[in-house]
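Source file: protein-v9.cif (mmCIF, C-alpha atoms and all ligand atoms; chains and numbers go by the auth columns)
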data_run
loop_
_atom_site.group_PDB
_atom_site.id
_atom_site.type_symbol
_atom_site.label_atom_id
_atom_site.label_comp_id
_atom_site.label_asym_id
_atom_site.label_seq_id
_atom_site.Cartn_x
_atom_site.Cartn_y
_atom_site.Cartn_z
_atom_site.B_iso_or_equiv
_atom_site.auth_seq_id
_atom_site.auth_asym_id
ATOM 1 C CA MET A 1 -32.526 58.211 -3.357 0.00 32 A
ATOM 2 C CA ILE A 2 -35.202 60.620 -4.668 0.00 33 A
ATOM 3 C CA LYS A 3 -34.679 64.215 -3.588 0.00 34 A
ATOM 4 C CA SER A 4 -37.594 65.466 -1.449 0.00 35 A
ATOM 5 C CA LEU A 5 -39.965 67.857 -3.192 0.00 36 A
ATOM 6 C CA LYS A 6 -40.278 71.490 -2.269 0.00 37 A
ATOM 7 C CA ILE A 7 -44.020 72.089 -1.902 0.00 38 A
ATOM 8 C CA ASP A 8 -44.747 75.571 -3.263 0.00 39 A
ATOM 9 C CA GLU A 9 -48.195 77.171 -3.503 0.00 40 A
ATOM 10 C CA LYS A 10 -48.854 75.701 -6.985 0.00 41 A
ATOM 11 C CA LEU A 11 -48.086 72.180 -5.837 0.00 42 A
ATOM 12 C CA GLU A 12 -50.083 72.711 -2.641 0.00 43 A
ATOM 13 C CA LYS A 13 -53.052 73.660 -4.859 0.00 44 A
ATOM 14 C CA TYR A 14 -52.467 70.615 -7.084 0.00 45 A
ATOM 15 C CA ILE A 15 -52.484 68.338 -4.019 0.00 46 A
ATOM 16 C CA SER A 16 -55.647 69.998 -2.800 0.00 47 A
ATOM 17 C CA ASP A 17 -57.304 69.624 -6.243 0.00 48 A
ATOM 18 C CA HIS A 18 -56.496 65.900 -6.206 0.00 49 A
ATOM 19 C CA SER A 19 -57.481 65.114 -2.621 0.00 50 A
ATOM 20 C CA SER A 20 -60.901 65.054 -0.957 0.00 51 A
ATOM 21 C CA ASP A 21 -62.781 68.314 -1.504 0.00 52 A
ATOM 22 C CA LEU A 22 -62.270 71.011 1.088 0.00 53 A
ATOM 23 C CA HIS A 23 -65.312 71.816 3.223 0.00 54 A
ATOM 24 C CA PRO A 24 -66.856 75.217 2.299 0.00 55 A
ATOM 25 C CA VAL A 25 -65.912 76.641 5.716 0.00 56 A
ATOM 26 C CA GLN A 26 -62.309 75.455 5.315 0.00 57 A
ATOM 27 C CA LYS A 27 -62.273 77.425 2.054 0.00 58 A
ATOM 28 C CA GLU A 28 -63.778 80.413 3.835 0.00 59 A
ATOM 29 C CA ILE A 29 -61.081 80.403 6.517 0.00 60 A
ATOM 30 C CA ILE A 30 -58.331 80.134 3.887 0.00 61 A
ATOM 31 C CA ASN A 31 -59.812 83.136 2.027 0.00 62 A
ATOM 32 C CA PHE A 32 -60.245 85.069 5.273 0.00 63 A
ATOM 33 C CA ASN A 33 -56.621 84.410 6.291 0.00 64 A
ATOM 34 C CA GLU A 34 -55.369 85.393 2.807 0.00 65 A
ATOM 35 C CA LYS A 35 -56.637 88.913 3.471 0.00 66 A
ATOM 36 C CA LEU A 36 -54.816 89.220 6.799 0.00 67 A
ATOM 37 C CA GLY A 37 -51.411 89.811 5.159 0.00 68 A
ATOM 38 C CA ASP A 38 -48.269 88.279 6.563 0.00 69 A
ATOM 39 C CA ILE A 39 -49.926 86.646 9.573 0.00 70 A
ATOM 40 C CA LYS A 40 -51.776 84.280 7.231 0.00 71 A
ATOM 41 C CA LYS A 41 -48.587 82.189 7.654 0.00 72 A
ATOM 42 C CA MET A 42 -49.849 81.253 11.119 0.00 73 A
ATOM 43 C CA GLN A 43 -52.363 78.828 9.588 0.00 74 A
ATOM 44 C CA ILE A 44 -51.191 75.231 9.059 0.00 75 A
ATOM 45 C CA SER A 45 -50.836 74.218 5.404 0.00 76 A
ATOM 46 C CA ILE A 46 -53.606 72.493 3.456 0.00 77 A
ATOM 47 C CA THR A 47 -51.446 69.357 3.144 0.00 78 A
ATOM 48 C CA GLN A 48 -50.888 69.307 6.909 0.00 79 A
ATOM 49 C CA ALA A 49 -54.643 69.503 7.474 0.00 80 A
ATOM 50 C CA TYR A 50 -55.267 66.595 5.067 0.00 81 A
ATOM 51 C CA PHE A 51 -52.663 64.578 6.917 0.00 82 A
ATOM 52 C CA PHE A 52 -54.235 65.409 10.318 0.00 83 A
ATOM 53 C CA GLN A 53 -57.658 64.332 9.071 0.00 84 A
ATOM 54 C CA PHE A 54 -56.326 61.003 7.835 0.00 85 A
ATOM 55 C CA PHE A 55 -54.285 60.480 11.016 0.00 86 A
ATOM 56 C CA ILE A 56 -57.336 61.147 13.209 0.00 87 A
ATOM 57 C CA LYS A 57 -59.484 58.684 11.268 0.00 88 A
ATOM 58 C CA VAL A 58 -57.012 55.796 11.144 0.00 89 A
ATOM 59 C CA ASN A 59 -56.208 56.147 14.825 0.00 90 A
ATOM 60 C CA ASN A 60 -59.858 56.579 15.875 0.00 91 A
ATOM 61 C CA ILE A 61 -58.987 59.740 17.793 0.00 92 A
ATOM 62 C CA LYS A 62 -61.901 61.079 19.807 0.00 93 A
ATOM 63 C CA ASN A 63 -60.575 63.880 21.921 0.00 94 A
ATOM 64 C CA ILE A 64 -57.989 66.442 20.991 0.00 95 A
ATOM 65 C CA LEU A 65 -56.300 69.343 22.716 0.00 96 A
ATOM 66 C CA GLU A 66 -54.992 72.109 20.479 0.00 97 A
ATOM 67 C CA VAL A 67 -52.497 74.668 21.774 0.00 98 A
ATOM 68 C CA GLY A 68 -52.702 77.662 19.404 0.00 99 A
ATOM 69 C CA THR A 69 -55.870 78.052 17.314 0.00 100 A
ATOM 70 C CA PHE A 70 -55.625 81.401 15.484 0.00 101 A
ATOM 71 C CA THR A 71 -58.690 81.732 13.184 0.00 102 A
ATOM 72 C CA GLY A 72 -59.535 78.033 13.457 0.00 103 A
ATOM 73 C CA TYR A 73 -58.304 76.284 10.291 0.00 104 A
ATOM 74 C CA SER A 74 -56.461 73.425 12.003 0.00 105 A
ATOM 75 C CA ALA A 75 -59.164 72.863 14.648 0.00 106 A
ATOM 76 C CA LEU A 76 -61.988 72.974 12.097 0.00 107 A
ATOM 77 C CA SER A 77 -60.162 70.565 9.789 0.00 108 A
ATOM 78 C CA MET A 78 -59.589 68.148 12.684 0.00 109 A
ATOM 79 C CA GLY A 79 -63.196 68.552 13.867 0.00 110 A
ATOM 80 C CA LEU A 80 -64.495 67.597 10.437 0.00 111 A
ATOM 81 C CA ALA A 81 -62.570 64.309 10.598 0.00 112 A
ATOM 82 C CA MET A 82 -63.761 63.319 14.054 0.00 113 A
ATOM 83 C CA PRO A 83 -66.682 61.037 14.908 0.00 114 A
ATOM 84 C CA LYS A 84 -69.974 62.456 16.234 0.00 115 A
ATOM 85 C CA ASP A 85 -68.908 61.907 19.838 0.00 116 A
ATOM 86 C CA GLY A 86 -65.477 63.481 19.281 0.00 117 A
ATOM 87 C CA ASN A 87 -64.415 66.794 20.786 0.00 118 A
ATOM 88 C CA ILE A 88 -61.625 69.354 20.609 0.00 119 A
ATOM 89 C CA THR A 89 -60.456 71.741 23.321 0.00 120 A
ATOM 90 C CA CYS A 90 -58.642 74.750 21.845 0.00 121 A
ATOM 91 C CA LEU A 91 -56.335 77.016 23.839 0.00 122 A
ATOM 92 C CA ASP A 92 -55.457 80.515 22.702 0.00 123 A
ATOM 93 C CA ILE A 93 -54.618 83.863 24.247 0.00 124 A
ATOM 94 C CA ASN A 94 -56.072 86.118 21.524 0.00 125 A
ATOM 95 C CA LYS A 95 -59.766 87.000 21.978 0.00 126 A
ATOM 96 C CA GLU A 96 -60.225 88.532 18.539 0.00 127 A
ATOM 97 C CA THR A 97 -58.911 85.570 16.506 0.00 128 A
ATOM 98 C CA SER A 98 -60.648 83.144 18.893 0.00 129 A
ATOM 99 C CA ASP A 99 -63.989 84.900 18.289 0.00 130 A
ATOM 100 C CA THR A 100 -63.385 84.596 14.546 0.00 131 A
ATOM 101 C CA ALA A 101 -62.562 80.882 14.952 0.00 132 A
ATOM 102 C CA ALA A 102 -65.692 80.334 17.081 0.00 133 A
ATOM 103 C CA ASN A 103 -67.836 81.893 14.319 0.00 134 A
ATOM 104 C CA PHE A 104 -66.344 79.542 11.731 0.00 135 A
ATOM 105 C CA PHE A 105 -66.951 76.539 14.028 0.00 136 A
ATOM 106 C CA LYS A 106 -70.607 77.586 14.362 0.00 137 A
ATOM 107 C CA LYS A 107 -70.949 78.044 10.610 0.00 138 A
ATOM 108 C CA ALA A 108 -69.722 74.463 10.062 0.00 139 A
ATOM 109 C CA ASP A 109 -72.063 73.222 12.807 0.00 140 A
ATOM 110 C CA LEU A 110 -69.060 72.182 14.891 0.00 141 A
ATOM 111 C CA ASP A 111 -69.610 74.550 17.820 0.00 142 A
ATOM 112 C CA LYS A 112 -70.736 71.705 20.099 0.00 143 A
ATOM 113 C CA LYS A 113 -67.649 69.673 19.227 0.00 144 A
ATOM 114 C CA ILE A 114 -65.000 72.431 19.465 0.00 145 A
ATOM 115 C CA LYS A 115 -64.573 74.649 22.533 0.00 146 A
ATOM 116 C CA ILE A 116 -62.044 77.434 23.011 0.00 147 A
ATOM 117 C CA ILE A 117 -60.465 78.290 26.359 0.00 148 A
ATOM 118 C CA LEU A 118 -58.993 81.801 26.363 0.00 149 A
ATOM 119 C CA GLY A 119 -55.821 82.570 28.311 0.00 150 A
ATOM 120 C CA PRO A 120 -52.108 81.779 28.510 0.00 151 A
ATOM 121 C CA ALA A 121 -51.812 78.126 27.516 0.00 152 A
ATOM 122 C CA THR A 122 -49.368 77.162 30.298 0.00 153 A
ATOM 123 C CA VAL A 123 -51.965 78.230 32.892 0.00 154 A
ATOM 124 C CA THR A 124 -54.816 76.378 31.144 0.00 155 A
ATOM 125 C CA LEU A 125 -52.714 73.237 30.631 0.00 156 A
ATOM 126 C CA LYS A 126 -51.952 73.147 34.378 0.00 157 A
ATOM 127 C CA LYS A 127 -55.664 73.560 35.167 0.00 158 A
ATOM 128 C CA LEU A 128 -56.576 70.716 32.794 0.00 159 A
ATOM 129 C CA HIS A 129 -53.964 68.568 34.513 0.00 160 A
ATOM 130 C CA ASP A 130 -55.392 69.430 37.961 0.00 161 A
ATOM 131 C CA LYS A 131 -58.805 68.354 36.676 0.00 162 A
ATOM 132 C CA LYS A 132 -57.202 65.047 35.565 0.00 163 A
ATOM 133 C CA LYS A 133 -58.232 65.575 31.929 0.00 164 A
ATOM 134 C CA THR A 134 -56.619 63.303 29.334 0.00 165 A
ATOM 135 C CA PHE A 135 -56.484 63.422 25.537 0.00 166 A
ATOM 136 C CA ASP A 136 -55.911 61.018 22.631 0.00 167 A
ATOM 137 C CA MET A 137 -53.977 63.658 20.717 0.00 168 A
ATOM 138 C CA ILE A 138 -52.425 67.048 21.480 0.00 169 A
ATOM 139 C CA PHE A 139 -51.410 69.490 18.752 0.00 170 A
ATOM 140 C CA ILE A 140 -48.900 72.173 19.743 0.00 171 A
ATOM 141 C CA ASP A 141 -48.798 75.248 17.486 0.00 172 A
ATOM 142 C CA ALA A 142 -48.466 78.351 19.688 0.00 173 A
ATOM 143 C CA ASP A 143 -45.567 80.603 20.826 0.00 174 A
ATOM 144 C CA LYS A 144 -42.261 78.836 20.221 0.00 175 A
ATOM 145 C CA GLU A 145 -40.695 80.202 23.448 0.00 176 A
ATOM 146 C CA ASN A 146 -43.043 77.932 25.409 0.00 177 A
ATOM 147 C CA TYR A 147 -42.793 74.807 23.240 0.00 178 A
ATOM 148 C CA LYS A 148 -40.814 72.876 25.856 0.00 179 A
ATOM 149 C CA ASN A 149 -43.283 73.873 28.614 0.00 180 A
ATOM 150 C CA TYR A 150 -46.260 72.907 26.438 0.00 181 A
ATOM 151 C CA TYR A 151 -44.629 69.611 25.554 0.00 182 A
ATOM 152 C CA ASN A 152 -43.771 68.708 29.163 0.00 183 A
ATOM 153 C CA LEU A 153 -47.281 69.575 30.338 0.00 184 A
ATOM 154 C CA SER A 154 -48.740 67.637 27.379 0.00 185 A
ATOM 155 C CA ILE A 155 -46.857 64.463 28.288 0.00 186 A
ATOM 156 C CA ASP A 156 -48.950 64.284 31.467 0.00 187 A
ATOM 157 C CA LEU A 157 -52.192 65.067 29.622 0.00 188 A
ATOM 158 C CA VAL A 158 -51.862 62.614 26.751 0.00 189 A
ATOM 159 C CA LYS A 159 -52.960 58.997 27.193 0.00 190 A
ATOM 160 C CA THR A 160 -50.468 56.135 26.866 0.00 191 A
ATOM 161 C CA ASN A 161 -50.282 55.318 23.136 0.00 192 A
ATOM 162 C CA GLY A 162 -51.710 58.797 22.465 0.00 193 A
ATOM 163 C CA PHE A 163 -50.006 61.350 20.242 0.00 194 A
ATOM 164 C CA ILE A 164 -48.393 64.752 20.554 0.00 195 A
ATOM 165 C CA LEU A 165 -47.888 66.605 17.268 0.00 196 A
ATOM 166 C CA ILE A 166 -45.766 69.737 17.127 0.00 197 A
ATOM 167 C CA ASP A 167 -45.674 72.211 14.224 0.00 198 A
ATOM 168 C CA ASN A 168 -42.830 74.341 12.802 0.00 199 A
ATOM 169 C CA VAL A 169 -40.023 72.040 13.924 0.00 200 A
ATOM 170 C CA LEU A 170 -38.054 72.545 10.676 0.00 201 A
ATOM 171 C CA TRP A 171 -38.439 76.338 10.853 0.00 202 A
ATOM 172 C CA LYS A 172 -38.307 77.028 7.081 0.00 203 A
ATOM 173 C CA GLY A 173 -35.342 74.642 6.927 0.00 204 A
ATOM 174 C CA ASP A 174 -33.243 77.005 9.070 0.00 205 A
ATOM 175 C CA VAL A 175 -32.646 74.352 11.771 0.00 206 A
ATOM 176 C CA ALA A 176 -30.213 72.627 9.390 0.00 207 A
ATOM 177 C CA ASN A 177 -28.521 75.840 8.207 0.00 208 A
ATOM 178 C CA PRO A 178 -25.352 76.507 10.260 0.00 209 A
ATOM 179 C CA TYR A 179 -25.445 80.207 9.232 0.00 210 A
ATOM 180 C CA LYS A 180 -28.816 80.756 10.930 0.00 211 A
ATOM 181 C CA ASN A 181 -28.264 81.424 14.593 0.00 212 A
ATOM 182 C CA ASP A 182 -31.066 83.771 15.659 0.00 213 A
ATOM 183 C CA GLN A 183 -32.852 83.188 18.944 0.00 214 A
ATOM 184 C CA LEU A 184 -35.937 81.426 17.584 0.00 215 A
ATOM 185 C CA THR A 185 -33.982 79.079 15.310 0.00 216 A
ATOM 186 C CA ASN A 186 -31.797 78.105 18.250 0.00 217 A
ATOM 187 C CA LEU A 187 -34.854 77.599 20.443 0.00 218 A
ATOM 188 C CA ILE A 188 -36.393 75.197 17.925 0.00 219 A
ATOM 189 C CA ARG A 189 -33.058 73.363 17.596 0.00 220 A
ATOM 190 C CA GLU A 190 -32.837 73.023 21.365 0.00 221 A
ATOM 191 C CA PHE A 191 -36.433 71.769 21.475 0.00 222 A
ATOM 192 C CA ASN A 192 -35.770 69.182 18.737 0.00 223 A
ATOM 193 C CA SER A 193 -32.669 67.924 20.600 0.00 224 A
ATOM 194 C CA PHE A 194 -34.688 67.666 23.799 0.00 225 A
ATOM 195 C CA ILE A 195 -37.363 65.558 22.040 0.00 226 A
ATOM 196 C CA LYS A 196 -34.688 63.376 20.456 0.00 227 A
ATOM 197 C CA LYS A 197 -33.402 62.420 23.931 0.00 228 A
ATOM 198 C CA ASP A 198 -36.831 61.909 25.521 0.00 229 A
ATOM 199 C CA ASP A 199 -37.433 58.185 25.953 0.00 230 A
ATOM 200 C CA ARG A 200 -41.016 58.694 27.207 0.00 231 A
ATOM 201 C CA ILE A 201 -42.035 58.842 23.556 0.00 232 A
ATOM 202 C CA GLU A 202 -41.362 57.419 20.089 0.00 233 A
ATOM 203 C CA LYS A 203 -40.959 60.133 17.473 0.00 234 A
ATOM 204 C CA THR A 204 -40.382 61.088 13.891 0.00 235 A
ATOM 205 C CA ILE A 205 -40.331 64.356 11.946 0.00 236 A
ATOM 206 C CA LEU A 206 -42.476 64.703 8.809 0.00 237 A
ATOM 207 C CA PRO A 207 -41.423 67.373 6.281 0.00 238 A
ATOM 208 C CA LEU A 208 -45.005 68.584 5.816 0.00 239 A
ATOM 209 C CA GLY A 209 -45.674 72.313 5.896 0.00 240 A
ATOM 210 C CA ASP A 210 -43.022 73.785 8.181 0.00 241 A
ATOM 211 C CA GLY A 211 -42.227 70.337 9.644 0.00 242 A
ATOM 212 C CA ILE A 212 -44.267 68.335 12.144 0.00 243 A
ATOM 213 C CA THR A 213 -42.896 66.135 14.901 0.00 244 A
ATOM 214 C CA ILE A 214 -45.154 63.205 15.742 0.00 245 A
ATOM 215 C CA CYS A 215 -44.676 61.616 19.145 0.00 246 A
ATOM 216 C CA ARG A 216 -46.390 58.539 20.550 0.00 247 A
ATOM 217 C CA LYS A 217 -46.368 58.225 24.322 0.00 248 A
ATOM 218 C CA VAL A 218 -45.066 54.784 25.280 0.00 249 A
HETATM 219 C C1 LIG B . -49.365 79.640 14.613 0.00 1 B
HETATM 220 S S1 LIG B . -50.830 80.264 15.324 0.00 1 B
HETATM 221 C C2 LIG B . -51.893 78.850 15.370 0.00 1 B
HETATM 222 C C3 LIG B . -52.390 78.476 14.003 0.00 1 B
HETATM 223 C C4 LIG B . -53.523 77.477 13.967 0.00 1 B
HETATM 224 N N1 LIG B . -53.127 76.209 14.515 0.00 1 B
HETATM 225 C C5 LIG B . -54.015 77.325 12.518 0.00 1 B
HETATM 226 O O1 LIG B . -53.662 76.358 11.859 0.00 1 B
HETATM 227 O O2 LIG B . -54.680 78.250 12.042 0.00 1 B
HETATM 228 C C6 LIG B . -50.350 80.493 16.979 0.00 1 B
HETATM 229 C C7 LIG B . -51.457 80.883 17.949 0.00 1 B
HETATM 230 O O3 LIG B . -50.907 80.798 19.270 0.00 1 B
HETATM 231 C C8 LIG B . -51.508 81.781 20.068 0.00 1 B
HETATM 232 N N2 LIG B . -50.655 82.053 21.243 0.00 1 B
HETATM 233 C C9 LIG B . -49.492 82.748 21.278 0.00 1 B
HETATM 234 N N3 LIG B . -49.029 82.789 22.535 0.00 1 B
HETATM 235 C C10 LIG B . -49.899 82.097 23.307 0.00 1 B
HETATM 236 C C11 LIG B . -49.959 81.785 24.690 0.00 1 B
HETATM 237 N N4 LIG B . -49.011 82.185 25.546 0.00 1 B
HETATM 238 N N5 LIG B . -51.011 81.053 25.134 0.00 1 B
HETATM 239 C C12 LIG B . -51.974 80.631 24.283 0.00 1 B
HETATM 240 N N6 LIG B . -51.960 80.911 22.960 0.00 1 B
HETATM 241 C C13 LIG B . -50.951 81.622 22.489 0.00 1 B
HETATM 242 C C14 LIG B . -51.642 82.974 19.132 0.00 1 B
HETATM 243 O O4 LIG B . -52.648 83.856 19.601 0.00 1 B
HETATM 244 C C15 LIG B . -51.975 82.308 17.793 0.00 1 B
HETATM 245 O O5 LIG B . -53.354 82.306 17.558 0.00 1 B
#

Could you render the structure as structure tokens?
Amino acid sequence: MIKSLKIDEKLEKYISDHSSDLHPVQKEIINFNEKLGDIKKMQISITQAYFFQFFIKVNNIKNILEVGTFTGYSALSMGLAMPKDGNITCLDINKETSDTAANFFKKADLDKKIKIILGPATVTLKKLHDKKKTFDMIFIDADKENYKNYYNLSIDLVKTNGFILIDNVLWKGDVANPYKNDQLTNLIREFNSFIKKDDRIEKTILPLGDGITICRKV
């Protein structure tokens, strides 16, 4: 069996150089985030974004809910892959980064397709549920403490045969390291075990970026 590759920055760049060209605004967000210091890690990886774009196209996904938007890289990348009548609803609690994201969406002419709702995501998710909104795909990438809440609320919001994707489920590989027992690592482990037992969905974990779980609601 071939050993899985560790994707470092050089290899990430190589993949990017040999995939479809990045949109100029994607490049701008990456450069912007680079200058933010350590929090640049919040952004999904370039390979994850390529995968999302492909996934959206092959599954003809038309409406997406994103929980955790930061400066907009994941939402913009998904928006670029969607058809003209597609739309994305983004949830985030941070006004400053959301304003930055909104500017990037406008620059890419995606401001009609991508809307941001500011506020704690659990509150917004409940409101969307009350309004009987449904989505083809939900991407969860916000505070890890609420992952289980976001997931449970998302199950009601995603259509049958729709998808829930969750980022950071491998947590730098720490989930499989018995010597790592800090609170966040244990939270992610608990979340992964919960998903494993949930028969409302089919699931797999892809080792892309920091690990993505893909669930299909059955
Ligand atoms: C990992 S970042 C999202 C990265 C983004 N998907 C990207 O690829 O650039 C997590 C985001 O979750 C947001 N967040 C944290 N707690 C939240 C909460 N309780 N409700 C809504 N958003 C929250 C943060 O403000 C931050 O922008």

Original post:
Counting all atoms listed in the file, which of A:Leu36, A:Val56, A:Ile145, A:Ala152 gets nearest to ligand LIG 1 (chain B)?
Top reply: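 Among A:Leu36, A:Val56, A:Ile145, A:Ala152, it is A:Ala152 that comes nearest to ligand LIG 1 (chain B).
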
Compile a residue-level contact table for chain A against ligand LIG 1 (chain B) at a cut-off of 8 Å, reporting for every qualifying residue the shortest atom pair and its distance in Å to one decimal, with all atoms listed in the file counted, rows ordered by chain and ascending number, as JSON lines.
{"residue": "A:Lys72", "atom": "CA", "partner": "B:LIG1", "partner_atom": "C1", "distance": 7.5}
{"residue": "A:Met73", "atom": "CA", "partner": "B:LIG1", "partner_atom": "C1", "distance": 3.9}
{"residue": "A:Gln74", "atom": "CA", "partner": "B:LIG1", "partner_atom": "O2", "distance": 3.4}
{"residue": "A:Ile75", "atom": "CA", "partner": "B:LIG1", "partner_atom": "O1", "distance": 3.9}
{"residue": "A:Ser76", "atom": "CA", "partner": "B:LIG1", "partner_atom": "O1", "distance": 7.4}
{"residue": "A:Glu97", "atom": "CA", "partner": "B:LIG1", "partner_atom": "N1", "distance": 7.5}
{"residue": "A:Val98", "atom": "CA", "partner": "B:LIG1", "partner_atom": "N6", "distance": 6.4}
{"residue": "A:Gly99", "atom": "CA", "partner": "B:LIG1", "partner_atom": "O3", "distance": 3.6}
{"residue": "A:Thr100", "atom": "CA", "partner": "B:LIG1", "partner_atom": "C4", "distance": 4.1}
{"residue": "A:Phe101", "atom": "CA", "partner": "B:LIG1", "partner_atom": "O5", "distance": 3.2}
{"residue": "A:Thr102", "atom": "CA", "partner": "B:LIG1", "partner_atom": "O2", "distance": 5.4}
{"residue": "A:Gly103", "atom": "CA", "partner": "B:LIG1", "partner_atom": "O2", "distance": 5.1}
{"residue": "A:Tyr104", "atom": "CA", "partner": "B:LIG1", "partner_atom": "O2", "distance": 4.5}
{"residue": "A:Ser105", "atom": "CA", "partner": "B:LIG1", "partner_atom": "O1", "distance": 4.1}
{"residue": "A:Ala106", "atom": "CA", "partner": "B:LIG1", "partner_atom": "N1", "distance": 6.9}
{"residue": "A:Leu122", "atom": "CA", "partner": "B:LIG1", "partner_atom": "C12", "distance": 5.7}
{"residue": "A:Asp123", "atom": "CA", "partner": "B:LIG1", "partner_atom": "N6", "distance": 3.5}
{"residue": "A:Ile124", "atom": "CA", "partner": "B:LIG1", "partner_atom": "N6", "distance": 4.2}
{"residue": "A:Asn125", "atom": "CA", "partner": "B:LIG1", "partner_atom": "O4", "distance": 4.5}
{"residue": "A:Thr128", "atom": "CA", "partner": "B:LIG1", "partner_atom": "O5", "distance": 6.5}
{"residue": "A:Ser129", "atom": "CA", "partner": "B:LIG1", "partner_atom": "O5", "distance": 7.5}
{"residue": "A:Leu149", "atom": "CA", "partner": "B:LIG1", "partner_atom": "C12", "distance": 7.4}
{"residue": "A:Gly150", "atom": "CA", "partner": "B:LIG1", "partner_atom": "C12", "distance": 5.9}
{"residue": "A:Pro151", "atom": "CA", "partner": "B:LIG1", "partner_atom": "N5", "distance": 3.6}
{"residue": "A:Ala152", "atom": "CA", "partner": "B:LIG1", "partner_atom": "N5", "distance": 3.9}
{"residue": "A:Thr153", "atom": "CA", "partner": "B:LIG1", "partner_atom": "N5", "distance": 6.7}
{"residue": "A:Ile171", "atom": "CA", "partner": "B:LIG1", "partner_atom": "N1", "distance": 7.8}
{"residue": "A:Asp172", "atom": "CA", "partner": "B:LIG1", "partner_atom": "C2", "distance": 5.2}
{"residue": "A:Ala173", "atom": "CA", "partner": "B:LIG1", "partner_atom": "O3", "distance": 3.5}
{"residue": "A:Asp174", "atom": "CA", "partner": "B:LIG1", "partner_atom": "N3", "distance": 4.4}
{"residue": "A:Asn177", "atom": "CA", "partner": "B:LIG1", "partner_atom": "N4", "distance": 7.3}

**OP:** Tell me, in Å to one decimal, how far atom CA of Lys211 of chain A is from atom CA of Glu233 of chain A.
**Re:** 28.0 Å

**OP:** Convert the output of the PyMOL selection byres (((chain A and resi 170) around 12) and not hetatm) on the shown file into explicit residues, formatted as a ChimeraX atom specification.
**Re:** /A:75,79-80,83,87,94-100,105-106,109,119-122,166-169,171-173,178,181-182,185-186,188-189,193-199,243-246

**OP:** Run the PyMOL selection byres (((chain A and resi 215-219) around 10) and not hetatm) mentally over the shown coordinates, then write out the matched residues as a list in words, using the chain letters and numbers from the document.
**Re:** Lys175, Glu176, Asn177, Tyr178, Lys179, Asn199, Val200, Leu201, Trp202, Lys203, Gly204, Asp205, Val206, Ala207, Asn208, Lys211, Asn212, Asp213, Gln214, Arg220, Glu221, Phe222, Asn223, Ser224 and Phe225 of chain A

Subject >> Option closest in space to Glu43 of chain A, from A:Ala139, A:Thr78, A:Asn62, A:Asn118 [counting all atoms listed in the file] >> reply: A:Thr78

**OP:** Could you tell me which residues the PyMOL selection byres (((chain A and resi 133) around 8) and not hetatm) grabs in this file, written as a ChimeraX atom specification?
**Re:** /A:103,129-132,134-137,142,146-147

Given the selection you just returned, output its residues as a file containing C-alpha atoms, formatted as a short mmCIF file (atom, residue, chain, number, x, y, z; two decimals), in the coordinates of the input.
data_model
loop_
_atom_site.label_atom_id
_atom_site.label_comp_id
_atom_site.auth_asym_id
_atom_site.auth_seq_id
_atom_site.Cartn_x
_atom_site.Cartn_y
_atom_site.Cartn_z
CA GLY A 103 -59.54 78.03 13.46
CA SER A 129 -60.65 83.14 18.89
CA ASP A 130 -63.99 84.90 18.29
CA THR A 131 -63.38 84.60 14.55
CA ALA A 132 -62.56 80.88 14.95
CA ASN A 134 -67.84 81.89 14.32
CA PHE A 135 -66.34 79.54 11.73
CA PHE A 136 -66.95 76.54 14.03
CA LYS A 137 -70.61 77.59 14.36
CA ASP A 142 -69.61 74.55 17.82
CA LYS A 146 -64.57 74.65 22.53
CA ILE A 147 -62.04 77.43 23.01
#

**OP:** Rank nothing, just name the residue among A:Ile38, A:Lys190, A:Leu159, A:Lys71 nearest to Ile92 of chain A, using all atoms listed in the file.
**Re:**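 So, comparing all the options, the nearest one is A:Lys190.
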
Original post:
In Å, with one decimal, what is the gap from atom CA of Lys248 of chain A to atom CA of Ile232 of chain A?
Top reply: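 Result for atom CA of Lys248 of chain A versus atom CA of Ile232 of chain A: 4.4 Å, one decimal.
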
Return as AutoDock Vina command-line options the box centre and box size in Å, one decimal, for an axis-aligned box around all listed atoms of segment 168-174 of chain A padded by 6 Å per side.
--center_x -49.8 --center_y 72.1 --center_z 19.5 --size_x 20.4 --size_y 28.9 --size_z 16.0

Subject >> Atom pair atom CA of Asp116 of chain A / atom CA of Lys162 of chain A: separation (Å) >> reply: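 Interatomic distance here is 20.7 Å.
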
Subject >> Residue among A:Glu40, A:Lys66, A:Ala112, A:Ile61 lying closest to Phe86 of chain A, counting only C-alpha atoms >> reply: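 Among the listed residues, the smallest separation from Phe86 of chain A belongs to A:Ala112.
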
**OP:** Rank A:Asn180, A:Lys41, A:Asp187, A:Lys143 by their smallest atom-to-atom distance to Asp161 of chain A, using all atoms listed in the file, and report the top residue only.
**Re:**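 So, comparing all the options, the nearest one is A:Asp187.
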
Subject >> Nearest residue to His54 of chain A from the set A:Asp140, A:Lys93, A:Leu67, A:Lys115 (distances using only C-alpha atoms) >> reply: A:Asp140

If we count only C-alpha atoms, what is near His160 of chain A at a cut-off of 9 Å, once residues fewer than 3 positions away on the same chain are taken out, given as a PDB file with C-alpha atoms, in the frame of the given file?
ATOM      1  CA  THR A 155     -54.816  76.378  31.144  1.00  0.00           C
ATOM      2  CA  LEU A 156     -52.714  73.237  30.631  1.00  0.00           C
ATOM      3  CA  LYS A 157     -51.952  73.147  34.378  1.00  0.00           C
ATOM      4  CA  LYS A 163     -57.202  65.047  35.565  1.00  0.00           C
ATOM      5  CA  LYS A 164     -58.232  65.575  31.929  1.00  0.00           C
ATOM      6  CA  THR A 165     -56.619  63.303  29.334  1.00  0.00           C
ATOM      7  CA  LEU A 184     -47.281  69.575  30.338  1.00  0.00           C
ATOM      8  CA  SER A 185     -48.740  67.637  27.379  1.00  0.00           C
ATOM      9  CA  ASP A 187     -48.950  64.284  31.467  1.00  0.00           C
ATOM     10  CA  LEU A 188     -52.192  65.067  29.622  1.00  0.00           C
TER      11      LEU A 188
END
